[in-house]
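Structure file protein.cif (mmCIF, C-alpha atoms) follows.
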data_query
#
loop_
_atom_site.group_PDB
_atom_site.id
_atom_site.type_symbol
_atom_site.label_atom_id
_atom_site.label_comp_id
_atom_site.auth_asym_id
_atom_site.auth_seq_id
_atom_site.Cartn_x
_atom_site.Cartn_y
_atom_site.Cartn_z
ATOM 1 C CA MET A 1 39.272 36.828 1.681
ATOM 2 C CA ALA A 2 42.759 38.236 1.104
ATOM 3 C CA ASN A 3 43.367 38.288 4.856
ATOM 4 C CA SER A 4 42.595 34.568 5.312
ATOM 5 C CA THR A 5 44.914 33.677 2.425
ATOM 6 C CA THR A 6 47.680 35.782 3.936
ATOM 7 C CA GLU A 7 47.092 34.256 7.353
ATOM 8 C CA LYS A 8 47.249 30.739 5.906
ATOM 9 C CA ALA A 9 50.501 31.547 4.121
ATOM 10 C CA LYS A 10 51.981 32.893 7.339
ATOM 11 C CA ALA A 11 50.899 29.783 9.249
ATOM 12 C CA VAL A 12 52.661 27.537 6.728
ATOM 13 C CA GLU A 13 55.834 29.612 6.791
ATOM 14 C CA THR A 14 56.172 29.699 10.597
ATOM 15 C CA THR A 15 56.438 25.915 11.139
ATOM 16 C CA PRO A 16 60.014 25.592 12.408
ATOM 17 C CA VAL A 17 62.428 22.942 11.182
ATOM 18 C CA THR A 18 64.075 21.783 14.379
ATOM 19 C CA LEU A 19 66.315 18.855 15.179
ATOM 20 C CA MET A 20 63.440 17.096 16.913
ATOM 21 C CA SER A 21 61.121 17.616 13.941
ATOM 22 C CA VAL A 22 63.559 15.557 11.870
ATOM 23 C CA LEU A 23 64.829 13.173 14.535
ATOM 24 C CA ALA A 24 61.466 12.096 15.975
ATOM 25 C CA PRO A 25 59.991 10.886 12.677
ATOM 26 C CA ALA A 26 63.244 9.205 11.685
ATOM 27 C CA VAL A 27 63.645 7.383 14.985
ATOM 28 C CA GLY A 28 59.921 6.663 15.079
ATOM 29 C CA TRP A 29 60.107 4.983 11.687
ATOM 30 C CA LEU A 30 63.095 2.884 12.676
ATOM 31 C CA ILE A 31 61.703 1.773 16.029
ATOM 32 C CA PRO A 32 57.914 2.051 16.343
ATOM 33 C CA GLY A 33 56.993 4.339 19.217
ATOM 34 C CA ALA A 34 60.517 5.645 19.731
ATOM 35 C CA GLY A 35 59.612 8.989 18.147
ATOM 36 C CA HIS A 36 57.156 9.506 21.010
ATOM 37 C CA MET A 37 59.518 8.197 23.675
ATOM 38 C CA ILE A 38 62.312 10.630 22.806
ATOM 39 C CA GLN A 39 59.759 13.396 23.304
ATOM 40 C CA LYS A 40 58.950 12.031 26.757
ATOM 41 C CA ARG A 41 55.596 10.542 25.785
ATOM 42 C CA TRP A 42 56.627 7.277 27.363
ATOM 43 C CA ILE A 43 53.306 5.483 27.699
ATOM 44 C CA ARG A 44 52.131 6.410 24.218
ATOM 45 C CA GLY A 45 55.435 5.317 22.756
ATOM 46 C CA LEU A 46 55.387 2.036 24.638
ATOM 47 C CA LEU A 47 51.824 1.265 23.598
ATOM 48 C CA LEU A 48 52.618 2.089 19.987
ATOM 49 C CA PHE A 49 55.689 -0.139 20.097
ATOM 50 C CA ILE A 50 53.787 -3.041 21.634
ATOM 51 C CA SER A 51 50.902 -2.746 19.163
ATOM 52 C CA ILE A 52 52.951 -2.382 15.999
ATOM 53 C CA ALA A 53 55.613 -4.885 17.011
ATOM 54 C CA SER A 54 52.995 -7.442 18.010
ATOM 55 C CA LEU A 55 51.174 -7.110 14.706
ATOM 56 C CA PHE A 56 54.407 -7.502 12.747
ATOM 57 C CA LEU A 57 55.716 -10.424 14.788
ATOM 58 C CA LEU A 58 52.359 -12.167 14.709
ATOM 59 C CA GLY A 59 52.387 -11.745 10.956
ATOM 60 C CA LEU A 60 55.810 -13.367 10.788
ATOM 61 C CA GLY A 61 54.677 -16.130 13.106
ATOM 62 C CA MET A 62 51.714 -16.820 10.856
ATOM 63 C CA GLN A 63 54.167 -17.441 8.021
ATOM 64 C CA GLY A 64 53.261 -14.252 6.216
ATOM 65 C CA ARG A 65 55.231 -13.041 3.237
ATOM 66 C CA ILE A 66 57.446 -9.956 3.237
ATOM 67 C CA TYR A 67 57.602 -7.835 0.102
ATOM 68 C CA LYS A 68 60.910 -6.667 -1.307
ATOM 69 C CA ALA A 69 61.480 -3.612 -3.491
ATOM 70 C CA ASN A 70 59.986 -4.486 -6.846
ATOM 71 C CA GLY A 71 58.733 -3.054 -10.068
ATOM 72 C CA GLY A 72 55.981 -5.561 -10.360
ATOM 73 C CA ASP A 73 52.242 -5.056 -10.248
ATOM 74 C CA ILE A 74 50.658 -2.358 -8.140
ATOM 75 C CA LEU A 75 49.687 -4.683 -5.303
ATOM 76 C CA ASP A 76 53.265 -5.894 -4.882
ATOM 77 C CA ILE A 77 54.485 -2.293 -4.839
ATOM 78 C CA LEU A 78 51.853 -1.363 -2.237
ATOM 79 C CA GLY A 79 52.818 -4.395 -0.175
ATOM 80 C CA PHE A 80 56.430 -3.238 -0.210
ATOM 81 C CA VAL A 81 55.445 0.300 0.793
ATOM 82 C CA GLY A 82 53.414 -1.064 3.694
ATOM 83 C CA ASP A 83 56.115 -3.440 4.860
ATOM 84 C CA VAL A 84 58.884 -0.856 4.753
ATOM 85 C CA GLY A 85 56.936 1.259 7.234
ATOM 86 C CA ALA A 86 57.849 -1.176 9.968
ATOM 87 C CA GLY A 87 61.406 0.131 9.992
ATOM 88 C CA ALA A 88 63.917 -2.042 11.825
ATOM 89 C CA PHE A 89 61.523 -4.964 11.924
ATOM 90 C CA TYR A 90 61.442 -4.963 8.126
ATOM 91 C CA ILE A 91 65.218 -4.530 7.834
ATOM 92 C CA ILE A 92 65.931 -7.390 10.222
ATOM 93 C CA THR A 93 63.367 -9.632 8.551
ATOM 94 C CA LEU A 94 64.992 -9.079 5.164
ATOM 95 C CA ALA A 95 68.477 -9.551 6.562
ATOM 96 C CA GLN A 96 67.512 -12.844 8.213
ATOM 97 C CA ASP A 97 65.655 -13.996 5.114
ATOM 98 C CA TRP A 98 62.463 -14.520 7.068
ATOM 99 C CA GLY A 99 58.988 -13.855 5.732
ATOM 100 C CA GLN A 100 59.174 -16.170 2.753
ATOM 101 C CA GLY A 101 55.488 -16.938 3.012
ATOM 102 C CA ALA A 102 53.937 -20.377 3.086
ATOM 103 C CA ILE A 103 51.130 -21.156 0.708
ATOM 104 C CA ALA A 104 50.415 -24.338 2.659
ATOM 105 C CA PHE A 105 49.108 -22.393 5.647
ATOM 106 C CA ALA A 106 45.742 -20.680 5.292
ATOM 107 C CA THR A 107 46.677 -18.092 7.901
ATOM 108 C CA ALA A 108 49.786 -17.062 5.942
ATOM 109 C CA ASP A 109 47.617 -14.613 4.030
ATOM 110 C CA TYR A 110 46.525 -13.028 7.293
ATOM 111 C CA GLY A 111 50.168 -12.890 8.319
ATOM 112 C CA THR A 112 51.099 -11.009 5.162
ATOM 113 C CA LYS A 113 48.362 -8.468 5.779
ATOM 114 C CA PHE A 114 49.302 -8.122 9.448
ATOM 115 C CA MET A 115 52.833 -7.117 8.501
ATOM 116 C CA ILE A 116 51.654 -4.624 5.884
ATOM 117 C CA VAL A 117 49.205 -3.028 8.323
ATOM 118 C CA ALA A 118 51.894 -2.856 11.015
ATOM 119 C CA GLY A 119 53.991 -0.783 8.638
ATOM 120 C CA LEU A 120 51.094 1.445 7.690
ATOM 121 C CA LEU A 121 50.173 2.018 11.332
ATOM 122 C CA ASN A 122 53.782 2.992 11.969
ATOM 123 C CA PHE A 123 53.526 5.622 9.252
ATOM 124 C CA ILE A 124 50.579 7.068 11.175
ATOM 125 C CA ALA A 125 52.607 6.955 14.375
ATOM 126 C CA VAL A 126 55.514 8.714 12.652
ATOM 127 C CA ALA A 127 53.190 11.493 11.494
ATOM 128 C CA ASP A 128 51.904 11.815 15.057
ATOM 129 C CA ALA A 129 55.443 12.054 16.415
ATOM 130 C CA TYR A 130 56.170 14.791 13.885
ATOM 131 C CA HIS A 131 53.091 16.750 14.925
ATOM 132 C CA ILE A 132 54.175 16.562 18.548
ATOM 133 C CA ALA A 133 57.664 17.726 17.564
ATOM 134 C CA ILE A 134 56.377 20.808 15.730
ATOM 135 C CA GLY A 135 53.997 21.664 18.540
ATOM 136 C CA LYS A 136 50.834 20.943 16.618
ATOM 137 C CA LYS A 137 49.815 18.341 19.197
ATOM 138 C CA GLN A 138 50.470 17.798 22.881
ATOM 139 C CA MET B 1 57.145 -22.110 14.941
ATOM 140 C CA THR B 2 53.851 -21.292 13.270
ATOM 141 C CA ILE B 3 51.150 -19.310 14.983
ATOM 142 C CA THR B 4 47.677 -20.389 13.967
ATOM 143 C CA LEU B 5 44.744 -18.103 14.565
ATOM 144 C CA ASN B 6 41.204 -18.715 13.453
ATOM 145 C CA HIS B 7 39.430 -15.992 11.470
ATOM 146 C CA PHE B 8 37.728 -14.386 14.437
ATOM 147 C CA SER B 9 40.857 -14.417 16.596
ATOM 148 C CA ALA B 10 42.855 -12.810 13.814
ATOM 149 C CA ALA B 11 40.193 -10.111 13.427
ATOM 150 C CA LEU B 12 40.111 -9.566 17.196
ATOM 151 C CA VAL B 13 43.862 -9.167 17.479
ATOM 152 C CA PHE B 14 43.993 -6.902 14.457
ATOM 153 C CA SER B 15 41.175 -4.735 15.820
ATOM 154 C CA LEU B 16 42.789 -4.455 19.220
ATOM 155 C CA PHE B 17 46.177 -3.255 18.043
ATOM 156 C CA ALA B 18 44.816 -1.014 15.290
ATOM 157 C CA SER B 19 42.424 0.601 17.780
ATOM 158 C CA VAL B 20 45.234 1.308 20.223
ATOM 159 C CA VAL B 21 47.239 3.064 17.496
ATOM 160 C CA PHE B 22 44.212 4.990 16.218
ATOM 161 C CA GLY B 23 43.260 6.094 19.701
ATOM 162 C CA ILE B 24 46.741 7.405 20.464
ATOM 163 C CA THR B 25 47.325 9.155 17.158
ATOM 164 C CA HIS B 26 43.907 10.647 16.510
ATOM 165 C CA ARG B 27 43.111 12.309 19.830
ATOM 166 C CA GLU B 28 44.789 14.794 22.179
ATOM 167 C CA THR B 29 43.890 13.976 25.777
ATOM 168 C CA THR B 30 44.264 10.609 27.479
ATOM 169 C CA ARG B 31 40.540 10.333 28.131
ATOM 170 C CA ASP B 32 39.707 11.054 24.498
ATOM 171 C CA MET B 33 42.369 8.601 23.331
ATOM 172 C CA VAL B 34 40.858 5.804 25.403
ATOM 173 C CA ARG B 35 37.313 6.611 24.325
ATOM 174 C CA TYR B 36 38.219 6.797 20.662
ATOM 175 C CA GLY B 37 40.222 3.592 20.880
ATOM 176 C CA ILE B 38 37.259 1.766 22.386
ATOM 177 C CA TYR B 39 35.001 3.259 19.735
ATOM 178 C CA CYS B 40 37.319 2.076 16.947
ATOM 179 C CA PHE B 41 37.506 -1.389 18.491
ATOM 180 C CA ALA B 42 33.726 -1.585 18.643
ATOM 181 C CA MET B 43 33.449 -0.463 15.040
ATOM 182 C CA PHE B 44 36.034 -3.005 13.878
ATOM 183 C CA LEU B 45 34.342 -5.872 15.683
ATOM 184 C CA GLY B 46 30.901 -4.691 14.688
ATOM 185 C CA GLY B 47 32.069 -4.632 11.105
ATOM 186 C CA VAL B 48 33.345 -8.185 11.431
ATOM 187 C CA PHE B 49 29.943 -9.407 12.624
ATOM 188 C CA VAL B 50 28.051 -7.438 9.993
ATOM 189 C CA ALA B 51 30.334 -8.667 7.222
ATOM 190 C CA GLY B 52 30.058 -12.228 8.464
ATOM 191 C CA TRP B 53 26.289 -12.212 8.519
ATOM 192 C CA ALA B 54 26.175 -10.416 5.158
ATOM 193 C CA MET B 55 28.273 -13.202 3.664
ATOM 194 C CA TRP B 56 25.961 -15.779 5.224
ATOM 195 C CA VAL B 57 22.938 -14.065 3.671
ATOM 196 C CA LEU B 58 24.631 -13.873 0.275
ATOM 197 C CA ARG B 59 25.543 -17.525 0.390
ATOM 198 C CA ARG B 60 21.999 -18.654 1.073
#

Write the structure described by the file as structure tokens, please.
Amino acid sequence: MANSTTEKAKAVETTPVTLMSVLAPAVGWLIPGAGHMIQKRWIRGLLLFISIASLFLLGLGMQGRIYKANGGDILDILGFVGDVGAGAFYIITLAQDWGQGAIAFATADYGTKFMIVAGLLNFIAVADAYHIAIGKKQ
Amino acid sequence: MTITLNHFSAALVFSLFASVVFGITHRETTRDMVRYGIYCFAMFLGGVFVAGWAMWVLRR
């Protein structure tokens, strides 16, 4: 019992903080898939970029709505958290004042969800890039 | 320019891209990534059909 606790503590302590373990997640958040590409996982990074970018851009094309930082109800806050995961796509969309949403289009709701899910999927991709950087995954 | 997708097309596109990301991030080897991605895609689409028919039954 005591041995397994000690071993677990040692395992937690030995995870190194390297430049790549910080850079890969940061770059991967900003540009989907880039965290994998800078670690020479080119195909994975490209596929992640295509998937996440396509979802986000389709969401914009469907006149979805982008959430800004807000202190409103929980769903608006969650929408913001999801959207911000898309990194540069979110930043550019805000800067260009796109993503205003269009109630007139029935698919605008799908578009909103597409953009939120794109951000959430990028969070998963960022975590994966981090795990590769710390050697937990090949 | 507005992109218009019907419900099924939107679900298909969503399933495809989400499955690609899940496959890559949840498995280690290329073969396992592809298999898991296909599995996720099948589950997504299967869920769409099940949910659709469930809604039809409820509406009756």

Item to check | Given the PyMOL selection byres ((chain A and resi 61) around 12), the residues it picks as JSON, numbers by chain | outcome: {"A": [53, 54, 55, 56, 57, 58, 59, 60, 62, 63, 64, 65, 66, 93, 98, 99, 100, 101, 102, 105, 107, 108, 109, 110, 111, 112, 114, 115], "B": [1, 2, 3, 4, 5]}

Next on the checklist: Which residues are close to Gln39 of chain A, i.e. within 9 Å by all atoms listed in the file, leaving aside same-chain residues fewer than 2 positions away? Reply as a ChimeraX atom specification.
Outcome noted: /A:20,24,34-37,41-42,129,132-133

Residue subset to file, keeping C-alpha atoms, as a CSV table (one decimal), keeping the file's coordinate frame:
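The resulting file, out-v4.csv, is reproduced below:
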chain,number,residue,atom,x,y,z
A,20,MET,CA,63.4,17.1,16.9
A,24,ALA,CA,61.5,12.1,16.0
A,34,ALA,CA,60.5,5.6,19.7
A,35,GLY,CA,59.6,9.0,18.1
A,36,HIS,CA,57.2,9.5,21.0
A,37,MET,CA,59.5,8.2,23.7
A,41,ARG,CA,55.6,10.5,25.8
A,42,TRP,CA,56.6,7.3,27.4
A,129,ALA,CA,55.4,12.1,16.4
A,132,ILE,CA,54.2,16.6,18.5
A,133,ALA,CA,57.7,17.7,17.6

Checklist outcome for this item: re atom CA of Ala88 of chain A and atom CA of Ile31 of chain A: distance 6.1 Å

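Here atom CA of Ile91 of chain A stands at a distance of 15.3 Å from atom CA of Leu120 of chain A.
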
Next on the checklist: Take the PyMOL selection byres ((chain B) within 9 of (chain A)), run it mentally on this structure, and tell me the resulting residues as a ChimeraX atom specification.
Outcome noted: /B:1-7,10,13-14,16-18,20-22,24-26,28-29

Checklist entry - Exactly which residues make up the result of the PyMOL selection byres ((chain A and resi 68) around 12) on this file, given as a PyMOL selection string? => result chain A and resi 65-67+69-72+76-84+90-91+93-95+97-100+116

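Between atom CA of Pro32 of chain A and atom CA of Ile38 of chain B the interatomic distance comes to 21.5 Å.
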